[in-house]
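Here is the file work11.pdb (PDB, C-alpha atoms, pLDDT in the B column).
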```
ATOM      1  CA  MET O   1     103.066  70.211  72.386  1.00 45.00           C
ATOM      2  CA  ALA O   2      99.354  69.746  73.144  1.00 47.00           C
ATOM      3  CA  SER O   3      98.324  69.834  76.784  1.00 47.00           C
ATOM      4  CA  LYS O   4      96.761  66.698  78.183  1.00 60.00           C
ATOM      5  CA  THR O   5      93.341  67.072  79.726  1.00 72.00           C
ATOM      6  CA  GLN O   6      92.758  65.456  83.052  1.00 79.00           C
ATOM      7  CA  PRO O   7      90.040  62.816  83.221  1.00 89.00           C
ATOM      8  CA  VAL O   8      86.822  63.999  84.847  1.00 91.00           C
ATOM      9  CA  GLU O   9      86.124  62.592  88.289  1.00 92.00           C
ATOM     10  CA  TYR O  10      82.552  62.452  89.637  1.00 93.00           C
ATOM     11  CA  ARG O  11      81.388  62.550  93.233  1.00 92.00           C
ATOM     12  CA  GLY O  12      77.965  62.390  94.843  1.00 91.00           C
ATOM     13  CA  ILE O  13      76.406  65.501  96.357  1.00 91.00           C
ATOM     14  CA  ALA O  14      75.957  65.118 100.118  1.00 88.00           C
ATOM     15  CA  GLY O  15      72.304  65.174 101.154  1.00 86.00           C
ATOM     16  CA  PHE O  16      71.044  64.817  97.579  1.00 88.00           C
ATOM     17  CA  PRO O  17      71.038  61.186  96.409  1.00 87.00           C
ATOM     18  CA  GLY O  18      70.767  60.702  92.660  1.00 87.00           C
ATOM     19  CA  TYR O  19      72.935  63.746  91.903  1.00 90.00           C
ATOM     20  CA  ARG O  20      76.649  64.029  91.268  1.00 92.00           C
ATOM     21  CA  VAL O  21      79.133  66.750  90.370  1.00 96.00           C
ATOM     22  CA  GLY O  22      82.153  66.469  88.090  1.00 94.00           C
ATOM     23  CA  SER O  23      85.609  67.957  88.575  1.00 93.00           C
ATOM     24  CA  ASP O  24      84.937  69.826  85.306  1.00 93.00           C
ATOM     25  CA  GLY O  25      82.054  71.739  86.933  1.00 93.00           C
ATOM     26  CA  SER O  26      79.259  69.640  85.442  1.00 94.00           C
ATOM     27  CA  VAL O  27      76.225  68.515  87.488  1.00 94.00           C
ATOM     28  CA  TRP O  28      74.414  65.262  86.721  1.00 93.00           C
ATOM     29  CA  SER O  29      71.152  63.592  87.735  1.00 90.00           C
ATOM     30  CA  SER O  30      69.930  60.009  87.553  1.00 87.00           C
ATOM     31  CA  TRP O  31      66.313  60.949  88.364  1.00 79.00           C
ATOM     32  CA  PHE O  32      63.520  60.443  85.838  1.00 73.00           C
ATOM     33  CA  ARG O  33      59.711  60.391  85.831  1.00 69.00           C
ATOM     34  CA  LYS O  34      58.173  56.896  85.710  1.00 69.00           C
ATOM     35  CA  PRO O  35      54.477  56.596  84.791  1.00 68.00           C
ATOM     36  CA  LEU O  36      52.264  54.850  87.324  1.00 68.00           C
ATOM     37  CA  MET O  37      50.855  51.541  86.065  1.00 68.00           C
ATOM     38  CA  ASN O  38      47.605  51.498  87.995  1.00 63.00           C
ATOM     39  CA  GLY O  39      45.277  52.009  85.013  1.00 58.00           C
ATOM     40  CA  LYS O  40      44.658  55.681  85.789  1.00 60.00           C
ATOM     41  CA  ARG O  41      45.514  58.418  83.323  1.00 64.00           C
ATOM     42  CA  GLY O  42      48.390  60.698  84.170  1.00 64.00           C
ATOM     43  CA  GLY O  43      50.345  60.267  87.320  1.00 68.00           C
ATOM     44  CA  SER O  44      54.009  59.527  87.587  1.00 59.00           C
ATOM     45  CA  VAL O  45      56.644  59.157  90.223  1.00 59.00           C
ATOM     46  CA  SER O  46      60.277  60.277  90.385  1.00 66.00           C
ATOM     47  CA  VAL O  47      62.729  57.385  90.363  1.00 67.00           C
ATOM     48  CA  SER O  48      66.492  57.319  90.519  1.00 68.00           C
ATOM     49  CA  GLY O  49      67.746  55.109  87.694  1.00 74.00           C
ATOM     50  CA  GLY O  50      71.052  54.040  86.284  1.00 70.00           C
ATOM     51  CA  ARG O  51      71.345  56.474  83.358  1.00 86.00           C
ATOM     52  CA  TRP O  52      72.945  59.827  84.137  1.00 89.00           C
ATOM     53  CA  ARG O  53      71.982  63.033  82.323  1.00 90.00           C
ATOM     54  CA  ARG O  54      73.786  66.354  82.476  1.00 93.00           C
ATOM     55  CA  LEU O  55      71.810  69.207  84.005  1.00 92.00           C
ATOM     56  CA  THR O  56      71.775  72.667  82.468  1.00 91.00           C
ATOM     57  CA  PRO O  57      72.743  75.343  84.982  1.00 92.00           C
ATOM     58  CA  THR O  58      71.190  78.804  85.171  1.00 89.00           C
ATOM     59  CA  LEU O  59      73.323  81.917  84.915  1.00 88.00           C
ATOM     60  CA  GLU O  60      72.641  84.292  87.792  1.00 82.00           C
ATOM     61  CA  LYS O  61      72.117  87.904  86.749  1.00 76.00           C
ATOM     62  CA  ARG O  62      72.673  90.679  89.226  1.00 70.00           C
ATOM     63  CA  GLN O  63      72.683  94.404  88.479  1.00 66.00           C
ATOM     64  CA  GLY O  64      72.658  93.761  84.739  1.00 60.00           C
ATOM     65  CA  ARG O  65      75.845  91.658  84.851  1.00 63.00           C
ATOM     66  CA  THR O  66      76.044  87.905  84.541  1.00 59.00           C
ATOM     67  CA  ARG O  67      77.687  86.346  87.530  1.00 82.00           C
ATOM     68  CA  HIS O  68      77.802  82.692  88.646  1.00 88.00           C
ATOM     69  CA  TYR O  69      76.108  79.498  87.513  1.00 90.00           C
ATOM     70  CA  HIS O  70      73.641  77.873  89.878  1.00 91.00           C
ATOM     71  CA  ILE O  71      71.474  74.766  89.781  1.00 92.00           C
ATOM     72  CA  MET O  72      68.282  73.564  91.501  1.00 91.00           C
ATOM     73  CA  LEU O  73      68.465  70.211  93.301  1.00 90.00           C
ATOM     74  CA  LYS O  74      65.512  68.278  94.705  1.00 86.00           C
ATOM     75  CA  GLY O  75      65.852  66.240  97.843  1.00 77.00           C
ATOM     76  CA  HIS O  76      63.854  65.376 100.941  1.00 74.00           C
ATOM     77  CA  GLY O  77      60.698  66.933  99.480  1.00 75.00           C
ATOM     78  CA  ARG O  78      62.225  70.355  98.800  1.00 82.00           C
ATOM     79  CA  CYS O  79      64.145  72.215  96.110  1.00 86.00           C
ATOM     80  CA  ARG O  80      67.289  74.188  96.839  1.00 89.00           C
ATOM     81  CA  SER O  81      69.485  76.365  94.674  1.00 90.00           C
ATOM     82  CA  PHE O  82      73.259  75.896  94.843  1.00 92.00           C
ATOM     83  CA  TYR O  83      76.140  77.692  93.209  1.00 92.00           C
ATOM     84  CA  ILE O  84      78.020  75.162  91.097  1.00 94.00           C
ATOM     85  CA  HIS O  85      81.423  76.358  92.346  1.00 94.00           C
ATOM     86  CA  SER O  86      80.274  75.621  95.891  1.00 93.00           C
ATOM     87  CA  LEU O  87      79.107  72.100  94.967  1.00 95.00           C
ATOM     88  CA  VAL O  88      82.454  71.339  93.296  1.00 95.00           C
ATOM     89  CA  LEU O  89      84.493  72.512  96.274  1.00 95.00           C
ATOM     90  CA  ARG O  90      82.290  70.754  98.825  1.00 94.00           C
ATOM     91  CA  ALA O  91      82.479  67.463  96.918  1.00 94.00           C
ATOM     92  CA  PHE O  92      86.213  67.464  96.197  1.00 95.00           C
ATOM     93  CA  VAL O  93      87.815  69.616  98.935  1.00 93.00           C
ATOM     94  CA  GLY O  94      85.323  69.514 101.806  1.00 91.00           C
ATOM     95  CA  ASP O  95      82.941  71.892 103.515  1.00 91.00           C
ATOM     96  CA  ARG O  96      84.037  75.486 103.867  1.00 90.00           C
ATOM     97  CA  ALA O  97      85.444  76.646 107.166  1.00 90.00           C
ATOM     98  CA  ALA O  98      83.919  79.569 109.026  1.00 92.00           C
ATOM     99  CA  ARG O  99      84.299  82.880 107.163  1.00 91.00           C
ATOM    100  CA  GLN O 100      85.516  81.179 103.981  1.00 92.00           C
ATOM    101  CA  GLU O 101      84.168  81.661 100.473  1.00 90.00           C
ATOM    102  CA  CYS O 102      84.925  80.367  97.003  1.00 91.00           C
ATOM    103  CA  ARG O 103      87.747  82.008  95.037  1.00 90.00           C
ATOM    104  CA  HIS O 104      88.038  81.653  91.258  1.00 90.00           C
ATOM    105  CA  VAL O 105      91.786  81.558  90.595  1.00 88.00           C
ATOM    106  CA  ASP O 106      91.552  82.830  87.008  1.00 87.00           C
ATOM    107  CA  GLY O 107      88.970  85.505  87.855  1.00 83.00           C
ATOM    108  CA  VAL O 108      86.276  84.004  85.598  1.00 85.00           C
ATOM    109  CA  PRO O 109      83.148  83.281  87.687  1.00 85.00           C
ATOM    110  CA  LYS O 110      81.779  80.939  84.990  1.00 88.00           C
ATOM    111  CA  ASN O 111      84.837  78.630  85.134  1.00 91.00           C
ATOM    112  CA  ASN O 112      83.859  76.023  87.722  1.00 93.00           C
ATOM    113  CA  ARG O 113      86.617  73.472  87.117  1.00 93.00           C
ATOM    114  CA  LEU O 114      88.147  72.072  90.297  1.00 94.00           C
ATOM    115  CA  GLN O 115      91.658  73.327  89.431  1.00 93.00           C
ATOM    116  CA  ASN O 116      90.247  76.894  89.244  1.00 91.00           C
ATOM    117  CA  LEU O 117      88.548  76.878  92.673  1.00 94.00           C
ATOM    118  CA  ILE O 118      89.866  77.258  96.231  1.00 92.00           C
ATOM    119  CA  TRP O 119      88.401  78.257  99.588  1.00 94.00           C
ATOM    120  CA  GLY O 120      89.651  81.606 100.902  1.00 92.00           C
ATOM    121  CA  THR O 121      88.745  84.610 103.007  1.00 93.00           C
ATOM    122  CA  ARG O 122      86.623  87.543 101.843  1.00 91.00           C
ATOM    123  CA  LYS O 123      89.739  89.723 101.867  1.00 91.00           C
ATOM    124  CA  GLN O 124      91.566  87.300  99.534  1.00 91.00           C
ATOM    125  CA  ASN O 125      88.550  87.087  97.228  1.00 86.00           C
ATOM    126  CA  VAL O 126      88.243  90.880  96.929  1.00 83.00           C
ATOM    127  CA  ALA O 127      92.002  91.146  96.294  1.00 85.00           C
ATOM    128  CA  ASP O 128      91.613  88.556  93.503  1.00 83.00           C
ATOM    129  CA  GLN O 129      88.761  90.549  91.982  1.00 80.00           C
ATOM    130  CA  PHE O 130      90.819  93.755  92.007  1.00 75.00           C
ATOM    131  CA  ALA O 131      93.773  91.915  90.470  1.00 79.00           C
ATOM    132  CA  HIS O 132      91.556  90.525  87.684  1.00 76.00           C
ATOM    133  CA  GLY O 133      89.924  93.902  86.999  1.00 70.00           C
ATOM    134  CA  ALA O 134      86.441  92.891  88.105  1.00 69.00           C
ATOM    135  CA  PHE O 135      85.756  96.250  89.739  1.00 67.00           C
ATOM    136  CA  ALA O 136      85.247  99.456  87.780  1.00 65.00           C
ATOM    137  CA  VAL O 137      87.780 101.642  89.569  1.00 66.00           C
ATOM    138  CA  GLY O 138      89.767 104.618  88.399  1.00 66.00           C
ATOM    139  CA  ILE O 139      89.461 105.520  84.743  1.00 69.00           C
ATOM    140  CA  ARG O 140      87.221 102.473  84.046  1.00 68.00           C
ATOM    141  CA  HIS O 141      84.538 103.862  86.371  1.00 68.00           C
ATOM    142  CA  GLY O 142      81.660 105.474  84.487  1.00 64.00           C
ATOM    143  CA  ASN O 143      81.868 108.708  86.502  1.00 69.00           C
ATOM    144  CA  ALA O 144      85.659 109.132  86.308  1.00 75.00           C
ATOM    145  CA  LYS O 145      86.720 112.620  85.253  1.00 80.00           C
ATOM    146  CA  LEU O 146      90.477 112.220  85.673  1.00 85.00           C
ATOM    147  CA  THR O 147      92.969 109.880  84.059  1.00 83.00           C
ATOM    148  CA  ASP O 148      95.606 108.115  86.151  1.00 83.00           C
ATOM    149  CA  ARG O 149      98.190 110.535  84.733  1.00 88.00           C
ATOM    150  CA  GLN O 150      96.153 113.536  85.922  1.00 89.00           C
ATOM    151  CA  VAL O 151      95.827 111.981  89.391  1.00 87.00           C
ATOM    152  CA  ARG O 152      99.630 111.653  89.604  1.00 89.00           C
ATOM    153  CA  MET O 153      99.977 115.298  88.462  1.00 90.00           C
ATOM    154  CA  ILE O 154      97.547 116.469  91.177  1.00 89.00           C
ATOM    155  CA  ARG O 155      99.546 114.661  93.862  1.00 88.00           C
ATOM    156  CA  VAL O 156     102.722 116.613  93.000  1.00 88.00           C
ATOM    157  CA  ALA O 157     101.151 119.901  91.833  1.00 89.00           C
ATOM    158  CA  LYS O 158     102.136 123.160  93.527  1.00 89.00           C
ATOM    159  CA  GLY O 159      99.565 125.726  94.656  1.00 89.00           C
ATOM    160  CA  THR O 160      96.430 125.774  96.779  1.00 92.00           C
ATOM    161  CA  GLN O 161      93.774 123.097  96.480  1.00 90.00           C
ATOM    162  CA  GLU O 162      91.392 125.664  94.956  1.00 92.00           C
ATOM    163  CA  GLU O 163      93.909 126.564  92.224  1.00 92.00           C
ATOM    164  CA  ILE O 164      94.606 122.920  91.415  1.00 91.00           C
ATOM    165  CA  ALA O 165      90.884 122.128  91.372  1.00 91.00           C
ATOM    166  CA  GLU O 166      90.215 124.972  88.941  1.00 90.00           C
ATOM    167  CA  ARG O 167      93.100 123.864  86.706  1.00 89.00           C
ATOM    168  CA  PHE O 168      91.681 120.310  86.394  1.00 88.00           C
ATOM    169  CA  GLY O 169      87.968 121.233  86.397  1.00 88.00           C
ATOM    170  CA  ILE O 170      87.137 119.450  89.663  1.00 89.00           C
ATOM    171  CA  VAL O 171      86.122 120.519  93.181  1.00 90.00           C
ATOM    172  CA  ARG O 172      88.573 121.227  96.011  1.00 91.00           C
ATOM    173  CA  GLN O 173      87.369 118.197  98.017  1.00 91.00           C
ATOM    174  CA  THR O 174      88.451 115.887  95.199  1.00 89.00           C
ATOM    175  CA  VAL O 175      91.953 117.376  95.239  1.00 91.00           C
ATOM    176  CA  SER O 176      92.109 116.800  99.011  1.00 90.00           C
ATOM    177  CA  ALA O 177      90.871 113.197  98.687  1.00 88.00           C
ATOM    178  CA  ILE O 178      93.418 112.435  95.933  1.00 87.00           C
ATOM    179  CA  ARG O 179      96.332 113.887  97.906  1.00 88.00           C
ATOM    180  CA  LEU O 180      95.326 112.029 101.082  1.00 87.00           C
ATOM    181  CA  LYS O 181      94.859 108.847  98.994  1.00 84.00           C
ATOM    182  CA  ARG O 182      91.239 108.454 100.032  1.00 82.00           C
ATOM    183  CA  ALA O 183      90.336 108.625  96.326  1.00 80.00           C
ATOM    184  CA  ARG O 184      92.150 106.803  93.528  1.00 76.00           C
ATOM    185  CA  LYS O 185      94.429 105.144  96.080  1.00 74.00           C
ATOM    186  CA  PHE O 186      95.384 102.421  93.590  1.00 73.00           C
ATOM    187  CA  VAL O 187      97.128 104.901  91.305  1.00 77.00           C
ATOM    188  CA  LYS O 188     100.874 104.710  91.972  1.00 76.00           C
TER     189      LYS O 188
END
```
Take the structure I supplied and represent it as structure tokens, if you would.
Amino acid sequence: MASKTQPVEYRGIAGFPGYRVGSDGSVWSSWFRKPLMNGKRGGSVSVSGGRWRRLTPTLEKRQGRTRHYHIMLKGHGRCRSFYIHSLVLRAFVGDRAARQECRHVDGVPKNNRLQNLIWGTRKQNVADQFAHGAFAVGIRHGNAKLTDRQVRMIRVAKGTQEEIAERFGIVRQTVSAIRLKRARKFVK
């Protein structure tokens, strides 16, 4: 059976008249440039009209990885950049409380639909990111020398740390860190 899509609801963006955000993560503007009719060449003025047009967001890039969508809004003589997920939550849920940040339920930072966004603490957000595999930890890390299986073997291995280190081709400090669960603590 096909799933029914929910209708998109639109709400204005506080402090920025002529802009609205949709529950599907879209941002819209009713502003357009109107030419001045004073006989002079050039010249125009921004006017908020009745026809809405969808704005194209920019994809933030940080450390070579694409992250979140953001958009520039003009209001009160200035331009400001906003993350789209933040605009959606502020319009439909309300302003964030102190020490709260946006959490993407499905772990996809580009999915800015209302049903995918909730306010939460930094600790909850980091836990979500670990659960969704957003961090390169363990064997996925570029500098990893040991598999998860080898880490489990080191934790139960008999002998001195030097002997174990030599057996696995690592340094003694790594053996100590693994056994004390300061390194690779997520390996069960």
* **Residues matched by the PyMOL selection byres ((chain O and resi 117) around 12) as number ranges by chain** => O: 23-25, 84-93, 101-116, 118-120, 125
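Going from atom CA of O:Arg78 to atom CA of O:Thr58 covers 18.4 Å.
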* **Residues selected by the PyMOL selection byres ((chain O and resi 76) around 12), written as a list in words** =>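 Residues picked by the PyMOL selection byres ((chain O and resi 76) around 12): Gly15, Phe16, Pro17, Gly18, Leu73, Lys74, Gly75, Gly77, Arg78, Cys79 and Arg80 of chain O.
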* To do: Would you mind listing what lies within 12 Å of O:Glu162 as a ChimeraX atom specification, with all atoms listed in the file counted and same-chain residues fewer than 5 positions away left out?
  => /O:154,157,167-176
* Starting from the shown file, work through the PyMOL selection byres ((chain O and resi 20) around 10) and note down what comes out as a PyMOL selection string. => chain O and resi 10-14+16-19+21-22+26-30+52+54+87-88+91
Draw an axis-aligned box tight on the listed atoms of stretch 9-23 of chain O, then pad every side by 5 Å and write out centre and edge lengths in Å to one decimal as AutoDock Vina command-line options.
```
--center_x 78.4 --center_y 64.3 --center_z 94.6 --size_x 25.4 --size_y 17.3 --size_z 23.1
```
* Within-12 Å shell of (97.2, 101.6, 91.8) in input frame, only C-alpha atoms, as JSON, numbers by chain -> {"O": [130, 131, 133, 137, 138, 139, 148, 149, 151, 152, 181, 183, 184, 185, 186, 187, 188]}
* Enter the distance from atom CA of O:Gln100 to atom CA of O:Arg122, in Å, rounded to one decimal. => 6.8 Å
Contacts of stretch 75-103 of chain O with stretch 59-62 of chain O up to 12 Å, shortest pair per row, all atoms listed in the file, as CSV:
```
residue,atom,partner,partner_atom,distance
O:Ser81,CA,O:Glu60,CA,11.0
O:Phe82,CA,O:Glu60,CA,11.0
O:Tyr83,CA,O:Glu60,CA,9.2
O:Ile84,CA,O:Leu59,CA,10.3
```
* **Nearest residue to O:Leu180 from the set O:Glu163, O:Gln150, O:His132, O:Arg155 (distances using only C-alpha atoms)** => O:Arg155
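For the pair atom CA of O:Glu9 and atom CA of O:Asp95, the separation is 18.1 Å.
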Please extract stretch 91-102 of chain O and write it out with all heavy atoms, as a PDB file, in the first residue's frame.
```pdb
ATOM      1  N   ALA O  91       9.899  27.900  13.228  1.00  0.00           N
ATOM      2  CA  ALA O  91       8.570  28.251  12.714  1.00  0.00           C
ATOM      3  C   ALA O  91       7.488  27.313  13.221  1.00  0.00           C
ATOM      4  O   ALA O  91       6.375  27.743  13.525  1.00  0.00           O
ATOM      5  CB  ALA O  91       8.594  28.248  11.183  1.00  0.00           C
ATOM      6  N   PHE O  92       7.785  26.022  13.323  1.00  0.00           N
ATOM      7  CA  PHE O  92       6.745  25.043  13.634  1.00  0.00           C
ATOM      8  C   PHE O  92       6.750  24.556  15.088  1.00  0.00           C
ATOM      9  O   PHE O  92       5.726  24.127  15.584  1.00  0.00           O
ATOM     10  CB  PHE O  92       6.846  23.840  12.688  1.00  0.00           C
ATOM     11  CG  PHE O  92       6.489  24.176  11.280  1.00  0.00           C
ATOM     12  CD1 PHE O  92       7.462  24.534  10.361  1.00  0.00           C
ATOM     13  CD2 PHE O  92       5.161  24.169  10.872  1.00  0.00           C
ATOM     14  CE1 PHE O  92       7.133  24.850   9.054  1.00  0.00           C
ATOM     15  CE2 PHE O  92       4.824  24.489   9.561  1.00  0.00           C
ATOM     16  CZ  PHE O  92       5.809  24.844   8.660  1.00  0.00           C
ATOM     17  N   VAL O  93       7.896  24.595  15.759  1.00  0.00           N
ATOM     18  CA  VAL O  93       7.982  24.093  17.135  1.00  0.00           C
ATOM     19  C   VAL O  93       8.155  25.237  18.132  1.00  0.00           C
ATOM     20  O   VAL O  93       7.601  25.223  19.212  1.00  0.00           O
ATOM     21  CB  VAL O  93       9.145  23.071  17.281  1.00  0.00           C
ATOM     22  CG1 VAL O  93       9.295  22.599  18.710  1.00  0.00           C
ATOM     23  CG2 VAL O  93       8.935  21.899  16.343  1.00  0.00           C
ATOM     24  N   GLY O  94       8.940  26.233  17.752  1.00  0.00           N
ATOM     25  CA  GLY O  94       9.217  27.365  18.629  1.00  0.00           C
ATOM     26  C   GLY O  94      10.719  27.540  18.783  1.00  0.00           C
ATOM     27  O   GLY O  94      11.507  26.696  18.354  1.00  0.00           O
ATOM     28  N   ASP O  95      11.097  28.645  19.398  1.00  0.00           N
ATOM     29  CA  ASP O  95      12.520  28.918  19.592  1.00  0.00           C
ATOM     30  C   ASP O  95      13.155  27.841  20.457  1.00  0.00           C
ATOM     31  O   ASP O  95      12.501  27.227  21.296  1.00  0.00           O
ATOM     32  CB  ASP O  95      12.722  30.287  20.251  1.00  0.00           C
ATOM     33  CG  ASP O  95      12.456  31.429  19.277  1.00  0.00           C
ATOM     34  OD1 ASP O  95      12.591  31.209  18.063  1.00  0.00           O
ATOM     35  OD2 ASP O  95      12.108  32.528  19.741  1.00  0.00           O
ATOM     36  N   ARG O  96      14.447  27.647  20.246  1.00  0.00           N
ATOM     37  CA  ARG O  96      15.158  26.630  21.025  1.00  0.00           C
ATOM     38  C   ARG O  96      15.383  27.128  22.442  1.00  0.00           C
ATOM     39  O   ARG O  96      15.572  28.320  22.675  1.00  0.00           O
ATOM     40  CB  ARG O  96      16.482  26.259  20.356  1.00  0.00           C
ATOM     41  CG  ARG O  96      17.515  27.346  20.367  1.00  0.00           C
ATOM     42  CD  ARG O  96      18.776  26.865  19.640  1.00  0.00           C
ATOM     43  NE  ARG O  96      19.786  27.893  19.659  1.00  0.00           N
ATOM     44  CZ  ARG O  96      20.747  27.966  20.559  1.00  0.00           C
ATOM     45  NH1 ARG O  96      20.839  27.069  21.499  1.00  0.00           N
ATOM     46  NH2 ARG O  96      21.615  28.947  20.517  1.00  0.00           N
ATOM     47  N   ALA O  97      15.348  26.206  23.371  1.00  0.00           N
ATOM     48  CA  ALA O  97      15.644  26.528  24.760  1.00  0.00           C
ATOM     49  C   ALA O  97      17.157  26.638  24.914  1.00  0.00           C
ATOM     50  O   ALA O  97      17.917  26.250  24.033  1.00  0.00           O
ATOM     51  CB  ALA O  97      15.086  25.435  25.675  1.00  0.00           C
ATOM     52  N   ALA O  98      17.590  27.130  26.054  1.00  0.00           N
ATOM     53  CA  ALA O  98      19.019  27.246  26.316  1.00  0.00           C
ATOM     54  C   ALA O  98      19.681  25.883  26.196  1.00  0.00           C
ATOM     55  O   ALA O  98      19.135  24.869  26.636  1.00  0.00           O
ATOM     56  CB  ALA O  98      19.249  27.829  27.707  1.00  0.00           C
ATOM     57  N   ARG O  99      20.833  25.839  25.590  1.00  0.00           N
ATOM     58  CA  ARG O  99      21.655  24.630  25.428  1.00  0.00           C
ATOM     59  C   ARG O  99      20.977  23.550  24.573  1.00  0.00           C
ATOM     60  O   ARG O  99      21.241  22.367  24.747  1.00  0.00           O
ATOM     61  CB  ARG O  99      22.048  24.068  26.772  1.00  0.00           C
ATOM     62  CG  ARG O  99      22.848  25.030  27.608  1.00  0.00           C
ATOM     63  CD  ARG O  99      23.317  24.341  28.846  1.00  0.00           C
ATOM     64  NE  ARG O  99      24.746  24.192  28.782  1.00  0.00           N
ATOM     65  CZ  ARG O  99      25.586  24.756  29.618  1.00  0.00           C
ATOM     66  NH1 ARG O  99      25.135  25.505  30.581  1.00  0.00           N
ATOM     67  NH2 ARG O  99      26.871  24.564  29.488  1.00  0.00           N
ATOM     68  N   GLN O 100      20.100  23.954  23.689  1.00  0.00           N
ATOM     69  CA  GLN O 100      19.439  23.004  22.792  1.00  0.00           C
ATOM     70  C   GLN O 100      19.989  23.207  21.384  1.00  0.00           C
ATOM     71  O   GLN O 100      20.438  24.297  21.029  1.00  0.00           O
ATOM     72  CB  GLN O 100      17.926  23.234  22.773  1.00  0.00           C
ATOM     73  CG  GLN O 100      17.250  22.999  24.105  1.00  0.00           C
ATOM     74  CD  GLN O 100      16.988  21.544  24.341  1.00  0.00           C
ATOM     75  OE1 GLN O 100      16.262  20.918  23.612  1.00  0.00           O
ATOM     76  NE2 GLN O 100      17.595  20.999  25.381  1.00  0.00           N
ATOM     77  N   GLU O 101      19.966  22.156  20.593  1.00  0.00           N
ATOM     78  CA  GLU O 101      20.354  22.233  19.196  1.00  0.00           C
ATOM     79  C   GLU O 101      19.479  21.294  18.386  1.00  0.00           C
ATOM     80  O   GLU O 101      18.779  20.456  18.943  1.00  0.00           O
ATOM     81  CB  GLU O 101      21.836  21.927  18.995  1.00  0.00           C
ATOM     82  CG  GLU O 101      22.306  20.625  19.556  1.00  0.00           C
ATOM     83  CD  GLU O 101      23.821  20.496  19.485  1.00  0.00           C
ATOM     84  OE1 GLU O 101      24.537  21.368  19.973  1.00  0.00           O
ATOM     85  OE2 GLU O 101      24.264  19.478  18.921  1.00  0.00           O
ATOM     86  N   CYS O 102      19.544  21.449  17.074  1.00  0.00           N
ATOM     87  CA  CYS O 102      18.702  20.650  16.188  1.00  0.00           C
ATOM     88  C   CYS O 102      19.250  19.238  16.059  1.00  0.00           C
ATOM     89  O   CYS O 102      20.436  19.037  15.882  1.00  0.00           O
ATOM     90  CB  CYS O 102      18.645  21.310  14.820  1.00  0.00           C
ATOM     91  SG  CYS O 102      17.698  20.352  13.641  1.00  0.00           S
TER      92      CYS O 102
END
```
